[in-house]
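K.L.:
First the structure, which I've put down as C-alpha cells, then a few questions once you've had a look.
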Amino acid sequence: MRSIERKSSMLECVRMLVFAAPCDVTLGKLSGPRSMSASVPSTPAGMDRMDGKTRLERAQADAFVDELEELIPKMAGVVVFPKDKKDKEEKSKELDKLIAERLGKCEKLSGSDGHLVGNSLLWCDLVLFNIAHNIEEAYKAGTMQDYPKLTKVCDTVKANPRIAKWMTERPAGQFDF
C-alpha cells in the first residue's frame, strides 16, 4: 500500500509540474480532468502513461525509484539535520557510499537515449532529476559527472519546456534541502 500511496503522490506532483493539471489524491487513487476508470489513475490528455507504457516499463520505473528513494532521507540527514560536525562527517561517508552504490546501479541499468526506461519521460526520470539536482546543488557539486547516462536523463528532463520554466521561475531554495 505504501508504494501505491508514494506513487500516487509522486504522479500528482508530476502532473502539476509538467502538465499543470490539478488532480486530487485520495486513498491511492487519482482523479483528474479526464476519468478513465475507478481502478486506473486518470491522466490529462497527452500524459497517458507517466509510469510506463507497458507492465515491464512500469515495473522497471518502480525499480529505479525504489533504488533511488533511500537517498532522499539520507541526504536530508547530512544537509539539513546533522547533530554536530562529527555526525555530519560520519553520515557524509555513509551517503557517499550509498550514492556511489545506487547511482552506479542506475547508470548500469539505464537506457542510453536520455531516459531511465523506454523512450519517453516517466516519473522515475523526474525522481532521478530531483535527487541529482539536490546532490549537485545542496550536497556535492560534480558528483553526477561520474554518471554520464544519468546526466543525460537529467538533461532530457531539464529540456522539458514546463520543467525548464518552473526551474527559472520558482522561488530560490524552494524544494532544495
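Naming works like this for the C-alpha cells: A, B, ... for the chains as they're shown, residue 1 at the start of each chain, ligands 1 onward in shown order.
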Leaving out segment 151-155 of chain A and any residue of its chain fewer than 2 positions from it, which residues lie within 9 Å of it when counting only C-alpha atoms, given as a list in words?
P.N.:
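Listing them by chain and then by number gives Ser110, Gly111, Ser112, Asp113, Gly114, His115, Leu116, Asp125, Leu126, Leu128, Phe129, Asn130, Ala132, His133, Met144, Gln145, Asp146, Tyr147, Pro148, Lys149, Val157, Lys158, Ala159 and Asn160 of chain A.
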K.L.:
Restrict the selected residues to C-alpha atoms and save them as an mmCIF file, in the first residue's frame.
P.N.:
```cif
data_model
loop_
_atom_site.group_PDB
_atom_site.id
_atom_site.type_symbol
_atom_site.label_atom_id
_atom_site.label_comp_id
_atom_site.auth_asym_id
_atom_site.auth_seq_id
_atom_site.Cartn_x
_atom_site.Cartn_y
_atom_site.Cartn_z
ATOM 1 C CA SER A 110 19.523 2.941 -17.534
ATOM 2 C CA GLY A 111 18.814 3.452 -21.199
ATOM 3 C CA SER A 112 21.296 5.412 -23.278
ATOM 4 C CA ASP A 113 18.808 7.703 -25.049
ATOM 5 C CA GLY A 114 18.131 10.113 -22.189
ATOM 6 C CA HIS A 115 15.515 8.107 -20.277
ATOM 7 C CA LEU A 116 15.899 5.594 -17.482
ATOM 8 C CA ASP A 125 13.196 10.263 -14.673
ATOM 9 C CA LEU A 126 11.723 13.076 -12.575
ATOM 10 C CA LEU A 128 16.237 10.978 -10.560
ATOM 11 C CA PHE A 129 16.300 14.608 -11.721
ATOM 12 C CA ASN A 130 15.163 15.823 -8.303
ATOM 13 C CA ALA A 132 20.542 14.586 -8.831
ATOM 14 C CA HIS A 133 19.675 18.283 -8.587
ATOM 15 C CA MET A 144 26.914 13.439 -11.329
ATOM 16 C CA GLN A 145 29.816 13.761 -13.780
ATOM 17 C CA ASP A 146 30.705 10.149 -12.931
ATOM 18 C CA TYR A 147 27.347 9.016 -14.319
ATOM 19 C CA PRO A 148 27.046 10.130 -17.969
ATOM 20 C CA LYS A 149 23.847 8.214 -18.781
ATOM 21 C CA VAL A 157 14.135 16.260 -18.029
ATOM 22 C CA LYS A 158 15.561 19.776 -17.859
ATOM 23 C CA ALA A 159 14.781 20.226 -21.575
ATOM 24 C CA ASN A 160 11.054 19.746 -20.943
#
```
K.L.:
Return the single residue from A:Phe81, A:Trp123, A:Phe64, A:Tyr139 that is closest to Asp96 of chain A, with distances computed using only C-alpha atoms.
P.N.:
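Answer, going by the shortest atom-to-atom distance: A:Tyr139.
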K.L.:
Give the answer as one residue: which of A:Asp66, A:Val80, A:Val117, A:Ala138 has the shortest atom-to-atom distance to Thr54 of chain A, using only C-alpha atoms?
P.N.:
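When distances to Thr54 of chain A are compared using only C-alpha atoms, the smallest one comes from A:Val117.
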K.L.:
Please provide as a ChimeraX atom specification all residues within 7 Å of Leu122 of chain A, with the sequence filter that same-chain residues fewer than 6 positions apart are discarded (counting only C-alpha atoms).
P.N.:
/A:50-52
K.L.:
A:Ala141, A:Leu121, A:Ile135, A:Leu95: which is nearest Ile163 of chain A, counting only C-alpha atoms?
P.N.:
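Looking at the shortest contact to Ile163 of chain A, the residue is A:Leu121.
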K.L.:
Could you check the closest approach to Ala172 of chain A for each of A:Glu137, A:Glu69, A:Met75, A:Ile99 and tell me which residue wins, using only C-alpha atoms?
P.N.:
A:Glu137
K.L.:
Go ahead and compute the interatomic distance for atom CA of Asn134 of chain A and atom CA of Lys74 of chain A, in Å to one decimal.
P.N.:
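Computing it gives 11.9 Å between the two atoms.
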K.L.:
Given the choices A:Gly118, A:Lys108, A:Gly77, A:Trp166, which gets closest to Glu94 of chain A if the distance is worked out from only C-alpha atoms?
P.N.:
A:Gly77
